[in-house]
Amino acid sequence: MRRITRFARVGVVVVALVVAAAAPAGADQQVERPFKGFDAGTSAVEPIEECEFLSETVIECDITTEGTGNATHLGKTSTVSTEGGKITLDLLSSCVLLDGETPGLVFAASGPFVVTAANGDELRGTYANTGCAGPPGTEEIGTAINGTQTYAGGTGRFEGAIGQTVTSGASFGAEFVLEYVGTITY
């Protein structure tokens, strides 16, 4: 009888250890980590005829982006902006392109995105970028892009992830290159 009781206790301890090891990390076990990466890809803005005038001088259009890159904690990545991305152009707010001479218009772009890691885990968030958009024919000059990315959840090890990065880069027509640096907690 003692032997059966002893085996039963050992069995309960083993089951408890297995369950504890398999349980997902709680919020109190998440760790803030340095986070940086880069992304290069293309953006597409809906045709101007389909954009909406928010006022006499401000136009808002839908924008989507797709890119690939590499990031700490994710490895090789693919990034897509999801439905809801918007870009606004202020027709009265001028700026200068990267050559320091060519005039452009100030833009602001924002929306949700999903980054897929090399193993298929996803990191979700929103972006808010600003820059200087050049007129047609100035794509080779380039436009500076600056902004932020805010992370809020995902799948796999990024479930419940939070964080923020500062973004900087450039676009040349529909093509862009961005770098980001900040922290992520997961």
# chains A, B, ... in the order shown; residues from 1 in each chain; ligands from 1
>>> residues_around(residues="segment 100-115 of chain A", least_positions_apart="6", cutoff="7 Å", atoms="only C-alpha atoms", output="ChimeraX atom specification")
/A:77-82,84-91,93-94,122-135
>>> closest_atom_pairs(of="segment 50-155 of chain A", to="segment 33-45 of chain A", cutoff="9 Å", atoms="only C-alpha atoms", output="CSV")
residue,atom,partner,partner_atom,distance
A:Cys61,CA,A:Val45,CA,6.6
A:Asp62,CA,A:Val45,CA,5.9
A:Ile63,CA,A:Val45,CA,4.5
A:Thr64,CA,A:Ala44,CA,5.4
A:Thr65,CA,A:Ser43,CA,4.2
A:Glu66,CA,A:Gly41,CA,5.5
A:Gly67,CA,A:Gly41,CA,3.8
A:Thr68,CA,A:Asp39,CA,5.4
A:Gly69,CA,A:Asp39,CA,4.3
A:Asn70,CA,A:Gly37,CA,5.5
A:Ala71,CA,A:Gly37,CA,4.0
A:Thr72,CA,A:Phe35,CA,5.8
A:His73,CA,A:Phe35,CA,7.5
A:Thr77,CA,A:Asp39,CA,8.1
A:Ser78,CA,A:Asp39,CA,8.2
A:Thr79,CA,A:Asp39,CA,7.7
A:Lys86,CA,A:Val45,CA,8.7
A:Ile87,CA,A:Val45,CA,8.0
>>> write_last_selection(atoms="N, CA and C atoms", output="PDB file, in the first residue's frame")
ATOM      1  N   CYS A  61      -6.323  59.198 -49.138  1.00  0.00           N
ATOM      2  CA  CYS A  61      -6.408  58.048 -50.029  1.00  0.00           C
ATOM      3  C   CYS A  61      -6.074  56.773 -49.251  1.00  0.00           C
ATOM      4  N   ASP A  62      -6.562  55.641 -49.744  1.00  0.00           N
ATOM      5  CA  ASP A  62      -6.181  54.348 -49.177  1.00  0.00           C
ATOM      6  C   ASP A  62      -4.773  54.008 -49.638  1.00  0.00           C
ATOM      7  N   ILE A  63      -3.998  53.367 -48.744  1.00  0.00           N
ATOM      8  CA  ILE A  63      -2.637  52.947 -49.079  1.00  0.00           C
ATOM      9  C   ILE A  63      -2.409  51.540 -48.543  1.00  0.00           C
ATOM     10  N   THR A  64      -1.702  50.738 -49.320  1.00  0.00           N
ATOM     11  CA  THR A  64      -1.287  49.404 -48.865  1.00  0.00           C
ATOM     12  C   THR A  64       0.214  49.277 -49.113  1.00  0.00           C
ATOM     13  N   THR A  65       0.867  48.466 -48.295  1.00  0.00           N
ATOM     14  CA  THR A  65       2.302  48.245 -48.458  1.00  0.00           C
ATOM     15  C   THR A  65       2.623  46.767 -48.280  1.00  0.00           C
ATOM     16  N   GLU A  66       3.689  46.340 -48.925  1.00  0.00           N
ATOM     17  CA  GLU A  66       4.234  44.988 -48.765  1.00  0.00           C
ATOM     18  C   GLU A  66       5.738  45.107 -48.745  1.00  0.00           C
ATOM     19  N   GLY A  67       6.374  44.365 -47.837  1.00  0.00           N
ATOM     20  CA  GLY A  67       7.824  44.426 -47.773  1.00  0.00           C
ATOM     21  C   GLY A  67       8.430  43.172 -47.171  1.00  0.00           C
ATOM     22  N   THR A  68       9.733  43.078 -47.284  1.00  0.00           N
ATOM     23  CA  THR A  68      10.485  41.998 -46.652  1.00  0.00           C
ATOM     24  C   THR A  68      11.668  42.625 -45.938  1.00  0.00           C
ATOM     25  N   GLY A  69      12.164  41.935 -44.926  1.00  0.00           N
ATOM     26  CA  GLY A  69      13.290  42.481 -44.190  1.00  0.00           C
ATOM     27  C   GLY A  69      13.847  41.486 -43.205  1.00  0.00           C
ATOM     28  N   ASN A  70      14.376  42.029 -42.120  1.00  0.00           N
ATOM     29  CA  ASN A  70      14.973  41.221 -41.074  1.00  0.00           C
ATOM     30  C   ASN A  70      14.861  42.006 -39.783  1.00  0.00           C
ATOM     31  N   ALA A  71      14.554  41.312 -38.678  1.00  0.00           N
ATOM     32  CA  ALA A  71      14.413  41.987 -37.391  1.00  0.00           C
ATOM     33  C   ALA A  71      14.902  41.080 -36.268  1.00  0.00           C
ATOM     34  N   THR A  72      15.413  41.708 -35.210  1.00  0.00           N
ATOM     35  CA  THR A  72      15.794  40.932 -34.048  1.00  0.00           C
ATOM     36  C   THR A  72      14.555  40.222 -33.512  1.00  0.00           C
ATOM     37  N   HIS A  73      14.722  39.028 -32.998  1.00  0.00           N
ATOM     38  CA  HIS A  73      13.657  38.202 -32.416  1.00  0.00           C
ATOM     39  C   HIS A  73      12.712  37.603 -33.461  1.00  0.00           C
ATOM     40  N   THR A  77      11.690  38.537 -42.308  1.00  0.00           N
ATOM     41  CA  THR A  77      10.294  38.939 -42.115  1.00  0.00           C
ATOM     42  C   THR A  77       9.624  39.272 -43.437  1.00  0.00           C
ATOM     43  N   SER A  78       8.308  39.181 -43.409  1.00  0.00           N
ATOM     44  CA  SER A  78       7.481  39.759 -44.468  1.00  0.00           C
ATOM     45  C   SER A  78       6.448  40.617 -43.760  1.00  0.00           C
ATOM     46  N   THR A  79       6.214  41.792 -44.304  1.00  0.00           N
ATOM     47  CA  THR A  79       5.316  42.754 -43.678  1.00  0.00           C
ATOM     48  C   THR A  79       4.267  43.187 -44.688  1.00  0.00           C
ATOM     49  N   LYS A  86      -4.238  54.657 -44.495  1.00  0.00           N
ATOM     50  CA  LYS A  86      -4.615  55.923 -45.135  1.00  0.00           C
ATOM     51  C   LYS A  86      -3.386  56.800 -45.303  1.00  0.00           C
ATOM     52  N   ILE A  87      -3.396  57.594 -46.358  1.00  0.00           N
ATOM     53  CA  ILE A  87      -2.372  58.607 -46.563  1.00  0.00           C
ATOM     54  C   ILE A  87      -3.089  59.914 -46.862  1.00  0.00           C
TER      55      ILE A  87
END
>>> select_by_dssp(residues="segment 3-162 of chain A", states="strand (DSSP E or B)", output="JSON, numbers by chain")
{"A": [32, 33, 34, 35, 36, 37, 38, 39, 40, 41, 42, 43, 44, 45, 52, 53, 58, 59, 60, 61, 62, 63, 64, 65, 66, 67, 68, 69, 70, 71, 75, 76, 77, 78, 79, 80, 81, 86, 87, 88, 89, 90, 91, 92, 93, 94, 95, 96, 103, 104, 105, 106, 107, 108, 109, 110, 111, 112, 113, 114, 115, 116, 122, 123, 124, 125, 126, 127, 128, 129, 130, 131, 132, 133, 143, 144, 145, 146, 147, 148, 149, 150, 151, 152, 153, 154, 162]}
>>> write_last_selection(atoms="C-alpha atoms", output="PDB file, in the first residue's frame")
ATOM      1  CA  GLU A  32      11.277  44.070 -22.481  1.00  0.00           C
ATOM      2  CA  ARG A  33      13.929  43.608 -25.145  1.00  0.00           C
ATOM      3  CA  PRO A  34      15.796  45.879 -27.568  1.00  0.00           C
ATOM      4  CA  PHE A  35      14.184  45.597 -30.997  1.00  0.00           C
ATOM      5  CA  LYS A  36      15.463  46.749 -34.394  1.00  0.00           C
ATOM      6  CA  GLY A  37      15.134  45.838 -38.020  1.00  0.00           C
ATOM      7  CA  PHE A  38      14.687  46.973 -41.583  1.00  0.00           C
ATOM      8  CA  ASP A  39      12.029  46.569 -44.225  1.00  0.00           C
ATOM      9  CA  ALA A  40      12.072  47.225 -47.978  1.00  0.00           C
ATOM     10  CA  GLY A  41       9.124  46.986 -50.307  1.00  0.00           C
ATOM     11  CA  THR A  42       6.462  48.763 -52.290  1.00  0.00           C
ATOM     12  CA  SER A  43       3.431  50.882 -51.547  1.00  0.00           C
ATOM     13  CA  ALA A  44       0.306  51.384 -53.607  1.00  0.00           C
ATOM     14  CA  VAL A  45      -2.020  54.365 -53.324  1.00  0.00           C
ATOM     15  CA  GLU A  52     -11.613  61.715 -50.590  1.00  0.00           C
ATOM     16  CA  PHE A  53     -11.291  65.458 -50.065  1.00  0.00           C
ATOM     17  CA  VAL A  58      -6.481  67.992 -47.765  1.00  0.00           C
ATOM     18  CA  ILE A  59      -6.863  64.720 -49.710  1.00  0.00           C
ATOM     19  CA  GLU A  60      -7.066  61.269 -48.102  1.00  0.00           C
ATOM     20  CA  CYS A  61      -6.408  58.048 -50.029  1.00  0.00           C
ATOM     21  CA  ASP A  62      -6.181  54.348 -49.177  1.00  0.00           C
ATOM     22  CA  ILE A  63      -2.637  52.947 -49.079  1.00  0.00           C
ATOM     23  CA  THR A  64      -1.287  49.404 -48.865  1.00  0.00           C
ATOM     24  CA  THR A  65       2.302  48.245 -48.458  1.00  0.00           C
ATOM     25  CA  GLU A  66       4.234  44.988 -48.765  1.00  0.00           C
ATOM     26  CA  GLY A  67       7.824  44.426 -47.773  1.00  0.00           C
ATOM     27  CA  THR A  68      10.485  41.998 -46.652  1.00  0.00           C
ATOM     28  CA  GLY A  69      13.290  42.481 -44.190  1.00  0.00           C
ATOM     29  CA  ASN A  70      14.973  41.221 -41.074  1.00  0.00           C
ATOM     30  CA  ALA A  71      14.413  41.987 -37.391  1.00  0.00           C
ATOM     31  CA  GLY A  75      14.671  36.682 -38.324  1.00  0.00           C
ATOM     32  CA  LYS A  76      13.623  37.134 -41.947  1.00  0.00           C
ATOM     33  CA  THR A  77      10.294  38.939 -42.115  1.00  0.00           C
ATOM     34  CA  SER A  78       7.481  39.759 -44.468  1.00  0.00           C
ATOM     35  CA  THR A  79       5.316  42.754 -43.678  1.00  0.00           C
ATOM     36  CA  VAL A  80       1.945  43.788 -45.072  1.00  0.00           C
ATOM     37  CA  SER A  81      -0.249  46.695 -44.183  1.00  0.00           C
ATOM     38  CA  LYS A  86      -4.615  55.923 -45.135  1.00  0.00           C
ATOM     39  CA  ILE A  87      -2.372  58.607 -46.563  1.00  0.00           C
ATOM     40  CA  THR A  88      -3.229  62.299 -46.477  1.00  0.00           C
ATOM     41  CA  LEU A  89      -1.708  65.075 -48.564  1.00  0.00           C
ATOM     42  CA  ASP A  90      -1.973  68.696 -47.494  1.00  0.00           C
ATOM     43  CA  LEU A  91      -2.031  70.768 -50.683  1.00  0.00           C
ATOM     44  CA  LEU A  92      -0.952  73.937 -48.821  1.00  0.00           C
ATOM     45  CA  SER A  93       1.863  72.430 -46.777  1.00  0.00           C
ATOM     46  CA  SER A  94       5.090  72.397 -48.785  1.00  0.00           C
ATOM     47  CA  CYS A  95       8.391  70.670 -48.085  1.00  0.00           C
ATOM     48  CA  VAL A  96      11.640  69.831 -49.887  1.00  0.00           C
ATOM     49  CA  PRO A 103       9.502  71.099 -53.694  1.00  0.00           C
ATOM     50  CA  GLY A 104       6.932  68.552 -52.568  1.00  0.00           C
ATOM     51  CA  LEU A 105       3.857  68.193 -50.379  1.00  0.00           C
ATOM     52  CA  VAL A 106       3.763  67.035 -46.771  1.00  0.00           C
ATOM     53  CA  PHE A 107       2.125  63.648 -46.305  1.00  0.00           C
ATOM     54  CA  ALA A 108       1.033  61.596 -43.318  1.00  0.00           C
ATOM     55  CA  ALA A 109       0.420  57.843 -43.584  1.00  0.00           C
ATOM     56  CA  SER A 110      -0.997  55.562 -40.909  1.00  0.00           C
ATOM     57  CA  GLY A 111      -2.681  52.211 -40.493  1.00  0.00           C
ATOM     58  CA  PRO A 112      -2.413  48.645 -39.215  1.00  0.00           C
ATOM     59  CA  PHE A 113       0.229  46.105 -40.260  1.00  0.00           C
ATOM     60  CA  VAL A 114       1.279  42.498 -39.660  1.00  0.00           C
ATOM     61  CA  VAL A 115       4.897  41.281 -39.568  1.00  0.00           C
ATOM     62  CA  THR A 116       5.356  37.541 -40.121  1.00  0.00           C
ATOM     63  CA  GLU A 122       2.960  37.177 -36.306  1.00  0.00           C
ATOM     64  CA  LEU A 123       3.528  40.562 -34.676  1.00  0.00           C
ATOM     65  CA  ARG A 124       0.741  43.112 -35.156  1.00  0.00           C
ATOM     66  CA  GLY A 125       0.732  46.851 -34.806  1.00  0.00           C
ATOM     67  CA  THR A 126       0.028  50.268 -36.247  1.00  0.00           C
ATOM     68  CA  TYR A 127       2.292  52.773 -37.966  1.00  0.00           C
ATOM     69  CA  ALA A 128       2.237  56.567 -38.207  1.00  0.00           C
ATOM     70  CA  ASN A 129       4.703  58.078 -40.687  1.00  0.00           C
ATOM     71  CA  THR A 130       5.248  61.514 -42.193  1.00  0.00           C
ATOM     72  CA  GLY A 131       7.270  62.691 -45.141  1.00  0.00           C
ATOM     73  CA  CYS A 132       7.506  64.853 -48.219  1.00  0.00           C
ATOM     74  CA  ALA A 133       5.816  63.540 -51.371  1.00  0.00           C
ATOM     75  CA  THR A 143      11.444  61.342 -50.019  1.00  0.00           C
ATOM     76  CA  ALA A 144      12.392  61.147 -46.349  1.00  0.00           C
ATOM     77  CA  ILE A 145      10.065  59.105 -44.117  1.00  0.00           C
ATOM     78  CA  ASN A 146       9.949  59.336 -40.321  1.00  0.00           C
ATOM     79  CA  GLY A 147       7.507  57.973 -37.787  1.00  0.00           C
ATOM     80  CA  THR A 148       6.661  55.346 -35.215  1.00  0.00           C
ATOM     81  CA  GLN A 149       5.391  51.795 -35.030  1.00  0.00           C
ATOM     82  CA  THR A 150       3.348  50.628 -32.041  1.00  0.00           C
ATOM     83  CA  TYR A 151       3.098  46.870 -31.426  1.00  0.00           C
ATOM     84  CA  ALA A 152       0.038  45.311 -29.806  1.00  0.00           C
ATOM     85  CA  GLY A 153      -0.255  41.533 -29.913  1.00  0.00           C
ATOM     86  CA  GLY A 154       0.336  38.751 -32.317  1.00  0.00           C
ATOM     87  CA  ILE A 162       3.671  45.334 -26.753  1.00  0.00           C
TER      88      ILE A 162
END
>>> atom_distance(atom1="atom CA of Leu98 of chain A", atom2="atom CA of Thr183 of chain A")
28.5 Å
>>> atom_distance(atom1="atom CA of Ile141 of chain A", atom2="atom CA of Ala170 of chain A")
10.0 Å
>>> atom_distance(atom1="atom CA of Pro136 of chain A", atom2="atom CA of Asp99 of chain A")
15.3 Å
>>> closest_residue(among="A:Leu74, A:Thr138, A:Glu83, A:Ala161", to="Asn119 of chain A", atoms="only C-alpha atoms")
A:Leu74
>>> select_by_dssp(residues="segment 5-176 of chain A", states="helix (DSSP H, G or I)", output="mmCIF file with C-alpha atoms, in the first residue's frame")
data_model
loop_
_atom_site.group_PDB
_atom_site.id
_atom_site.type_symbol
_atom_site.label_atom_id
_atom_site.label_comp_id
_atom_site.auth_asym_id
_atom_site.auth_seq_id
_atom_site.Cartn_x
_atom_site.Cartn_y
_atom_site.Cartn_z
ATOM 1 C CA THR A 5 0.838 5.772 -2.397
ATOM 2 C CA ARG A 6 4.463 6.721 -3.062
ATOM 3 C CA PHE A 7 4.032 6.090 -6.835
ATOM 4 C CA ALA A 8 0.802 8.106 -6.795
ATOM 5 C CA ARG A 9 2.578 11.070 -5.176
ATOM 6 C CA VAL A 10 5.453 10.859 -7.663
ATOM 7 C CA GLY A 11 2.895 10.692 -10.508
ATOM 8 C CA VAL A 12 1.105 13.820 -9.230
ATOM 9 C CA VAL A 13 4.408 15.716 -8.996
ATOM 10 C CA VAL A 14 5.412 14.681 -12.541
ATOM 11 C CA VAL A 15 2.014 15.742 -13.947
ATOM 12 C CA ALA A 16 2.259 19.099 -12.122
ATOM 13 C CA LEU A 17 5.733 19.737 -13.563
ATOM 14 C CA VAL A 18 4.604 18.866 -17.109
ATOM 15 C CA VAL A 19 1.566 21.164 -16.840
ATOM 16 C CA ALA A 20 3.688 24.026 -15.453
ATOM 17 C CA ALA A 21 6.239 23.660 -18.265
ATOM 18 C CA ALA A 22 3.524 23.639 -20.933
ATOM 19 C CA ALA A 27 2.213 38.885 -18.492
ATOM 20 C CA ASP A 28 4.416 38.993 -15.403
ATOM 21 C CA GLN A 29 6.956 36.778 -17.208
ATOM 22 C CA ILE A 48 -6.616 60.027 -57.162
ATOM 23 C CA GLU A 49 -10.179 59.886 -58.540
ATOM 24 C CA GLU A 50 -11.093 57.512 -55.699
ATOM 25 C CA GLY A 156 2.868 32.374 -31.074
ATOM 26 C CA ARG A 157 5.507 33.901 -28.834
ATOM 27 C CA PHE A 158 4.229 37.397 -29.724
#
